[in-house]
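Everything below concerns the one structure shown next.
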Amino acid sequence: MIAQELTRVADYISRLKNEIGALRANELYRDRLPGAHDELGNVVNATASATNSIMEAAEEILGYDDADLETYRTRVQTRVMDIFEACSFQDITGQRISKVVEHLAAVEKRLSHFASAVNARDTDLPPDPEEVKRQTRKEVFLLNGPSAEGDGVSQNDIDALFD
C-alpha cells in the first residue's frame with residue numbers, strides 16, 4: 001500500500017515536472033512579456049508623436065493669415081496631407097497591439113493549462129501590499145481608464161447629469 005502511494009506521488013511529481021517544462025517560463029519571462037512591454041511602449045511613443053504632428057499642423061493652419069486665397073489653399077492642403085499622414089499611426093498601432101494580445105494569450109493559455117494540470121487552487125494568503133496600494137490609488141483617483149463596452153457609466157448617464 002505504501003509502495004502504491006509512493007508510486008502515485010512519484011507519478012504526480014513527474015507530471016508536475018513535465019507541466020512546468022511545458023510552461024516554458026524562461027521563454028515567457030525572456031521573450032513574451034518583454035515583447036509585450038516593448039510593443040506597448042512603441043504604441044505610446046507612436047501615438048504621442050502622431051498627436052504632436054497633428055496638433056502642430058492644426059495650429060499652423062489656424063495661424064495662417066494669407067491675403068492670397070490660392071496661397072492659403074495650397075498651404076492648408078499641404079498641412080492637411082501631413083495630418084492624414086500622421087493619422088496612419090493607427091494601422092501600425094493596431095498591428096503592435098495585436099502582437100501584445102498574441103503574447104498575452106500565449107501566457108494565459110500556458111498558465112491555464114498548467115493550473116488545470118496541477119489542480120492549482122488559489123490560497124487565502126493576504127494580497128500583496130503593493131498591489132493593494134495600487135488598487136486603492138486607482139479607486140480613489142478614478143484611474144481606471146476608459147471602460148469596455150457595456151461596463152462602467154454610459155455616456156448617456158453622464159449626459160443626463162448635465163440636463
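Identifiers for the C-alpha cells are assigned positionally: chains receive A, B, ... in sequence, residues are indexed from 1 per chain, and ligands are indexed from 1 in the order shown.
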
Closest contacts (range 10-66 of chain A/range 110-128 of chain A, max 12 Å, only C-alpha atoms) as JSON lines:
{"residue": "A:Asp11", "atom": "CA", "partner": "A:Val118", "partner_atom": "CA", "distance": 11.9}
{"residue": "A:Tyr12", "atom": "CA", "partner": "A:Val118", "partner_atom": "CA", "distance": 8.4}
{"residue": "A:Ile13", "atom": "CA", "partner": "A:Val118", "partner_atom": "CA", "distance": 9.6}
{"residue": "A:Ser14", "atom": "CA", "partner": "A:Val118", "partner_atom": "CA", "distance": 11.0}
{"residue": "A:Arg15", "atom": "CA", "partner": "A:Val118", "partner_atom": "CA", "distance": 8.2}
{"residue": "A:Leu16", "atom": "CA", "partner": "A:Val118", "partner_atom": "CA", "distance": 6.4}
{"residue": "A:Lys17", "atom": "CA", "partner": "A:Val118", "partner_atom": "CA", "distance": 10.0}
{"residue": "A:Asn18", "atom": "CA", "partner": "A:Phe114", "partner_atom": "CA", "distance": 9.7}
{"residue": "A:Glu19", "atom": "CA", "partner": "A:Phe114", "partner_atom": "CA", "distance": 5.9}
{"residue": "A:Ile20", "atom": "CA", "partner": "A:Phe114", "partner_atom": "CA", "distance": 7.2}
{"residue": "A:Gly21", "atom": "CA", "partner": "A:Phe114", "partner_atom": "CA", "distance": 9.8}
{"residue": "A:Ala22", "atom": "CA", "partner": "A:Arg110", "partner_atom": "CA", "distance": 7.8}
{"residue": "A:Leu23", "atom": "CA", "partner": "A:Arg110", "partner_atom": "CA", "distance": 5.6}
{"residue": "A:Arg24", "atom": "CA", "partner": "A:Arg110", "partner_atom": "CA", "distance": 8.4}
{"residue": "A:Ala25", "atom": "CA", "partner": "A:Arg110", "partner_atom": "CA", "distance": 9.2}
{"residue": "A:Glu27", "atom": "CA", "partner": "A:Arg110", "partner_atom": "CA", "distance": 11.4}
{"residue": "A:Leu28", "atom": "CA", "partner": "A:Arg110", "partner_atom": "CA", "distance": 9.4}
{"residue": "A:Arg32", "atom": "CA", "partner": "A:Arg110", "partner_atom": "CA", "distance": 11.8}

Write out as a compact mmCIF listing (two decimals) with C-alpha atoms, in the first residue's frame which residues come within 9 Å of Ala46 in chain A when counting only C-alpha atoms, dropping same-chain ones fewer than 2 positions away.
# COMPACT_ATOMS: atom_id res chain seq x y z
CA GLY A 41 5.89 51.31 -25.32
CA ASN A 42 6.11 51.70 -29.09
CA VAL A 43 2.35 52.28 -29.25
CA VAL A 44 2.61 55.02 -26.65
CA ALA A 48 2.35 60.73 -28.84
CA SER A 49 4.38 61.54 -31.95
CA ALA A 50 1.32 61.44 -34.22
CA THR A 51 -0.67 63.57 -31.79
CA PHE A 89 -0.07 55.60 -36.95
CA GLN A 90 -3.39 53.88 -36.22
CA ILE A 92 0.80 50.36 -37.07
CA THR A 93 -0.61 50.81 -33.57

- [ ] Please measure the separation of CA of Tyr64 in chain A and CA of Phe84 in chain A, giving the value in Å to one decimal.
- [x] 19.0 Å

- [ ] Pick out the closest residue to Leu40 in chain A from this set: A:Gln4, A:Ser88, A:Ser98, A:Thr71. Count only C-alpha atoms.
- [x] A:Ser98

Task: Atom pair CA of Glu60 in chain A / CA of Gln77 in chain A: separation (Å) - done: 11.9 Å

TODO: May I have the residues within 10 Å of range 54-57 of chain A as a PyMOL selection string, using only C-alpha atoms and disregarding those fewer than 4 positions away in the same chain?
DONE: chain A and resi 48-50+61-63+76+78-87

Export of the given selection (N, CA, C and O atoms) as a PDB file, in the first residue's frame:
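Contents of selection_31.pdb, as written:
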ATOM      1  N   ALA A  48       1.927  59.398 -29.273  1.00  0.00           N
ATOM      2  CA  ALA A  48       2.349  60.732 -28.839  1.00  0.00           C
ATOM      3  C   ALA A  48       2.941  61.518 -30.001  1.00  0.00           C
ATOM      4  O   ALA A  48       2.641  62.704 -30.179  1.00  0.00           O
ATOM      5  N   SER A  49       3.771  60.869 -30.808  1.00  0.00           N
ATOM      6  CA  SER A  49       4.379  61.535 -31.951  1.00  0.00           C
ATOM      7  C   SER A  49       3.322  61.981 -32.963  1.00  0.00           C
ATOM      8  O   SER A  49       3.362  63.112 -33.456  1.00  0.00           O
ATOM      9  N   ALA A  50       2.377  61.095 -33.273  1.00  0.00           N
ATOM     10  CA  ALA A  50       1.320  61.438 -34.222  1.00  0.00           C
ATOM     11  C   ALA A  50       0.458  62.572 -33.683  1.00  0.00           C
ATOM     12  O   ALA A  50       0.103  63.501 -34.426  1.00  0.00           O
ATOM     13  N   ILE A  61      -2.151  75.790 -39.319  1.00  0.00           N
ATOM     14  CA  ILE A  61      -3.262  76.173 -40.204  1.00  0.00           C
ATOM     15  C   ILE A  61      -4.052  77.313 -39.587  1.00  0.00           C
ATOM     16  O   ILE A  61      -4.403  78.279 -40.287  1.00  0.00           O
ATOM     17  N   LEU A  62      -4.324  77.218 -38.283  1.00  0.00           N
ATOM     18  CA  LEU A  62      -5.077  78.283 -37.618  1.00  0.00           C
ATOM     19  C   LEU A  62      -4.334  79.622 -37.635  1.00  0.00           C
ATOM     20  O   LEU A  62      -4.958  80.676 -37.599  1.00  0.00           O
ATOM     21  N   GLY A  63      -3.008  79.559 -37.693  1.00  0.00           N
ATOM     22  CA  GLY A  63      -2.215  80.776 -37.681  1.00  0.00           C
ATOM     23  C   GLY A  63      -1.991  81.424 -39.042  1.00  0.00           C
ATOM     24  O   GLY A  63      -1.452  82.524 -39.126  1.00  0.00           O
ATOM     25  N   VAL A  76      -2.790  75.165 -46.702  1.00  0.00           N
ATOM     26  CA  VAL A  76      -3.717  74.357 -45.909  1.00  0.00           C
ATOM     27  C   VAL A  76      -3.729  72.921 -46.432  1.00  0.00           C
ATOM     28  O   VAL A  76      -3.679  71.961 -45.653  1.00  0.00           O
ATOM     29  N   THR A  78      -1.395  71.296 -47.968  1.00  0.00           N
ATOM     30  CA  THR A  78      -0.138  70.649 -47.598  1.00  0.00           C
ATOM     31  C   THR A  78      -0.181  70.170 -46.157  1.00  0.00           C
ATOM     32  O   THR A  78       0.188  69.023 -45.853  1.00  0.00           O
ATOM     33  N   ARG A  79      -0.630  71.025 -45.253  1.00  0.00           N
ATOM     34  CA  ARG A  79      -0.672  70.649 -43.833  1.00  0.00           C
ATOM     35  C   ARG A  79      -1.744  69.595 -43.557  1.00  0.00           C
ATOM     36  O   ARG A  79      -1.557  68.725 -42.714  1.00  0.00           O
ATOM     37  N   VAL A  80      -2.868  69.646 -44.284  1.00  0.00           N
ATOM     38  CA  VAL A  80      -3.900  68.622 -44.111  1.00  0.00           C
ATOM     39  C   VAL A  80      -3.353  67.267 -44.554  1.00  0.00           C
ATOM     40  O   VAL A  80      -3.620  66.238 -43.920  1.00  0.00           O
ATOM     41  N   MET A  81      -2.570  67.241 -45.613  1.00  0.00           N
ATOM     42  CA  MET A  81      -1.942  65.981 -46.037  1.00  0.00           C
ATOM     43  C   MET A  81      -0.984  65.473 -44.952  1.00  0.00           C
ATOM     44  O   MET A  81      -0.906  64.267 -44.708  1.00  0.00           O
ATOM     45  N   ASP A  82      -0.290  66.389 -44.284  1.00  0.00           N
ATOM     46  CA  ASP A  82       0.574  65.999 -43.166  1.00  0.00           C
ATOM     47  C   ASP A  82      -0.256  65.379 -42.031  1.00  0.00           C
ATOM     48  O   ASP A  82       0.177  64.411 -41.398  1.00  0.00           O
ATOM     49  N   ILE A  83      -1.440  65.932 -41.802  1.00  0.00           N
ATOM     50  CA  ILE A  83      -2.327  65.387 -40.775  1.00  0.00           C
ATOM     51  C   ILE A  83      -2.755  63.972 -41.158  1.00  0.00           C
ATOM     52  O   ILE A  83      -2.728  63.054 -40.337  1.00  0.00           O
ATOM     53  N   PHE A  84      -3.163  63.783 -42.417  1.00  0.00           N
ATOM     54  CA  PHE A  84      -3.552  62.447 -42.871  1.00  0.00           C
ATOM     55  C   PHE A  84      -2.394  61.454 -42.707  1.00  0.00           C
ATOM     56  O   PHE A  84      -2.589  60.320 -42.276  1.00  0.00           O
ATOM     57  N   GLU A  85      -1.207  61.902 -43.052  1.00  0.00           N
ATOM     58  CA  GLU A  85      -0.026  61.034 -42.919  1.00  0.00           C
ATOM     59  C   GLU A  85       0.208  60.665 -41.461  1.00  0.00           C
ATOM     60  O   GLU A  85       0.495  59.512 -41.138  1.00  0.00           O
ATOM     61  N   ALA A  86       0.067  61.629 -40.568  1.00  0.00           N
ATOM     62  CA  ALA A  86       0.274  61.366 -39.140  1.00  0.00           C
ATOM     63  C   ALA A  86      -0.783  60.396 -38.611  1.00  0.00           C
ATOM     64  O   ALA A  86      -0.512  59.607 -37.706  1.00  0.00           O
ATOM     65  N   CYS A  87      -1.973  60.423 -39.187  1.00  0.00           N
ATOM     66  CA  CYS A  87      -3.045  59.525 -38.738  1.00  0.00           C
ATOM     67  C   CYS A  87      -2.788  58.074 -39.134  1.00  0.00           C
ATOM     68  O   CYS A  87      -3.467  57.169 -38.638  1.00  0.00           O
TER      69      CYS A  87
END

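Taking CA of Leu33 in chain A as the reference point, CA of His103 in chain A is found at 7.0 Å.
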
- [ ] Run DSSP on the backbone and grab whatever in chain A lands in helix (DSSP H, G or I); send it over as a PyMOL selection string.
- [x] chain A and resi 2-23+25-63+69-86+89-117+129-140+155-161

So that I have them on file, write out the residues from the current selection with C-alpha atoms, as a CSV table (one decimal), in the first residue's frame.
chain,number,residue,atom,x,y,z
A,2,ILE,CA,2.8,2.4,0.9
A,3,ALA,CA,4.5,1.5,-2.4
A,4,GLN,CA,1.4,2.3,-4.4
A,5,GLU,CA,1.1,5.6,-2.6
A,6,LEU,CA,4.7,6.5,-3.3
A,7,THR,CA,4.2,5.5,-6.9
A,8,ARG,CA,1.3,7.9,-7.2
A,9,VAL,CA,3.3,10.7,-5.6
A,10,ALA,CA,6.2,9.9,-8.0
A,11,ASP,CA,3.8,10.0,-10.9
A,12,TYR,CA,2.3,13.3,-9.7
A,13,ILE,CA,5.8,14.8,-9.3
A,14,SER,CA,6.8,13.6,-12.8
A,15,ARG,CA,3.6,15.0,-14.4
A,16,LEU,CA,4.2,18.3,-12.4
A,17,LYS,CA,7.8,18.5,-13.8
A,18,ASN,CA,6.5,17.9,-17.3
A,19,GLU,CA,3.9,20.7,-16.9
A,20,ILE,CA,6.4,23.1,-15.5
A,21,GLY,CA,8.7,22.4,-18.5
A,22,ALA,CA,5.7,22.9,-20.9
A,23,LEU,CA,5.1,26.2,-19.3
A,25,ALA,CA,8.6,30.1,-18.0
A,26,ASN,CA,12.0,31.3,-19.2
A,27,GLU,CA,10.6,32.0,-22.7
A,28,LEU,CA,7.6,33.8,-21.1
A,29,TYR,CA,10.0,35.8,-18.9
A,30,ARG,CA,12.7,36.4,-21.5
A,31,ASP,CA,10.7,36.9,-24.7
A,32,ARG,CA,6.9,37.1,-24.4
A,33,LEU,CA,6.4,39.6,-21.6
A,34,PRO,CA,9.3,41.9,-22.6
A,35,GLY,CA,8.0,41.8,-26.2
A,36,ALA,CA,4.5,42.8,-25.0
A,37,HIS,CA,6.1,45.6,-22.9
A,38,ASP,CA,8.2,46.9,-25.8
A,39,GLU,CA,5.2,46.9,-28.2
A,40,LEU,CA,3.1,48.8,-25.8
A,41,GLY,CA,5.9,51.3,-25.3
A,42,ASN,CA,6.1,51.7,-29.1
A,43,VAL,CA,2.3,52.3,-29.3
A,44,VAL,CA,2.6,55.0,-26.6
A,45,ASN,CA,5.5,56.7,-28.5
A,46,ALA,CA,3.8,56.4,-31.9
A,47,THR,CA,0.6,57.8,-30.6
A,48,ALA,CA,2.3,60.7,-28.8
A,49,SER,CA,4.4,61.5,-32.0
A,50,ALA,CA,1.3,61.4,-34.2
A,51,THR,CA,-0.7,63.6,-31.8
A,52,ASN,CA,2.1,66.2,-31.7
A,53,SER,CA,2.3,66.2,-35.5
A,54,ILE,CA,-1.4,66.6,-35.9
A,55,MET,CA,-1.6,69.4,-33.3
A,56,GLU,CA,1.3,71.3,-34.8
A,57,ALA,CA,-0.2,71.1,-38.3
A,58,ALA,CA,-3.6,72.2,-37.0
A,59,GLU,CA,-2.1,75.1,-35.0
A,60,GLU,CA,-0.1,76.2,-38.1
A,61,ILE,CA,-3.3,76.2,-40.2
A,62,LEU,CA,-5.1,78.3,-37.6
A,63,GLY,CA,-2.2,80.8,-37.7
A,69,LEU,CA,-6.6,82.7,-51.4
A,70,GLU,CA,-4.6,80.4,-53.6
A,71,THR,CA,-1.5,80.5,-51.4
A,72,TYR,CA,-3.7,79.9,-48.4
A,73,ARG,CA,-5.4,77.0,-50.0
A,74,THR,CA,-2.1,75.4,-51.0
A,75,ARG,CA,-0.6,75.8,-47.6
A,76,VAL,CA,-3.7,74.4,-45.9
A,77,GLN,CA,-3.8,71.4,-48.3
A,78,THR,CA,-0.1,70.6,-47.6
A,79,ARG,CA,-0.7,70.6,-43.8
A,80,VAL,CA,-3.9,68.6,-44.1
A,81,MET,CA,-1.9,66.0,-46.0
A,82,ASP,CA,0.6,66.0,-43.2
A,83,ILE,CA,-2.3,65.4,-40.8
A,84,PHE,CA,-3.6,62.4,-42.9
A,85,GLU,CA,0.0,61.0,-42.9
A,86,ALA,CA,0.3,61.4,-39.1
A,89,PHE,CA,-0.1,55.6,-37.0
A,90,GLN,CA,-3.4,53.9,-36.2
A,91,ASP,CA,-2.6,51.0,-38.6
A,92,ILE,CA,0.8,50.4,-37.1
A,93,THR,CA,-0.6,50.8,-33.6
A,94,GLY,CA,-3.2,48.2,-34.3
A,95,GLN,CA,-0.6,45.8,-35.5
A,96,ARG,CA,1.5,46.3,-32.4
A,97,ILE,CA,-1.4,45.9,-30.1
A,98,SER,CA,-2.3,42.6,-31.9
A,99,LYS,CA,1.2,41.4,-31.1
A,100,VAL,CA,0.7,42.2,-27.4
A,101,VAL,CA,-2.6,40.4,-27.4
A,102,GLU,CA,-0.9,37.4,-29.0
A,103,HIS,CA,1.8,37.4,-26.4
A,104,LEU,CA,-0.6,37.7,-23.5
A,105,ALA,CA,-2.9,35.0,-25.0
A,106,ALA,CA,0.1,32.6,-25.1
A,107,VAL,CA,0.9,33.4,-21.5
A,108,GLU,CA,-2.8,32.9,-20.5
A,109,LYS,CA,-3.1,29.6,-22.3
A,110,ARG,CA,0.1,28.2,-20.8
A,111,LEU,CA,-0.8,29.3,-17.2
A,112,SER,CA,-4.4,28.0,-17.6
A,113,HIS,CA,-3.1,24.6,-18.9
A,114,PHE,CA,-0.6,24.4,-16.1
A,115,ALA,CA,-3.1,25.4,-13.4
A,116,SER,CA,-5.5,22.8,-14.7
A,117,ALA,CA,-2.9,20.0,-14.9
A,129,PRO,CA,0.6,45.2,0.0
A,130,GLU,CA,1.9,47.0,-3.1
A,131,GLU,CA,-1.0,45.7,-5.2
A,132,VAL,CA,-3.4,46.8,-2.5
A,133,LYS,CA,-1.9,50.3,-2.6
A,134,ARG,CA,-2.1,50.4,-6.4
A,135,GLN,CA,-5.8,49.3,-6.4
A,136,THR,CA,-6.7,51.8,-3.7
A,137,ARG,CA,-5.0,54.6,-5.6
A,138,LYS,CA,-6.8,53.7,-8.8
A,139,GLU,CA,-10.2,53.7,-6.9
A,140,VAL,CA,-9.5,57.0,-5.0
A,155,GLN,CA,-22.2,58.3,-21.9
A,156,ASN,CA,-26.0,58.8,-21.8
A,157,ASP,CA,-25.9,58.7,-18.0
A,158,ILE,CA,-23.2,61.3,-17.9
A,159,ASP,CA,-25.0,63.5,-20.4
A,160,ALA,CA,-28.2,63.2,-18.2
A,161,LEU,CA,-26.3,64.8,-15.3
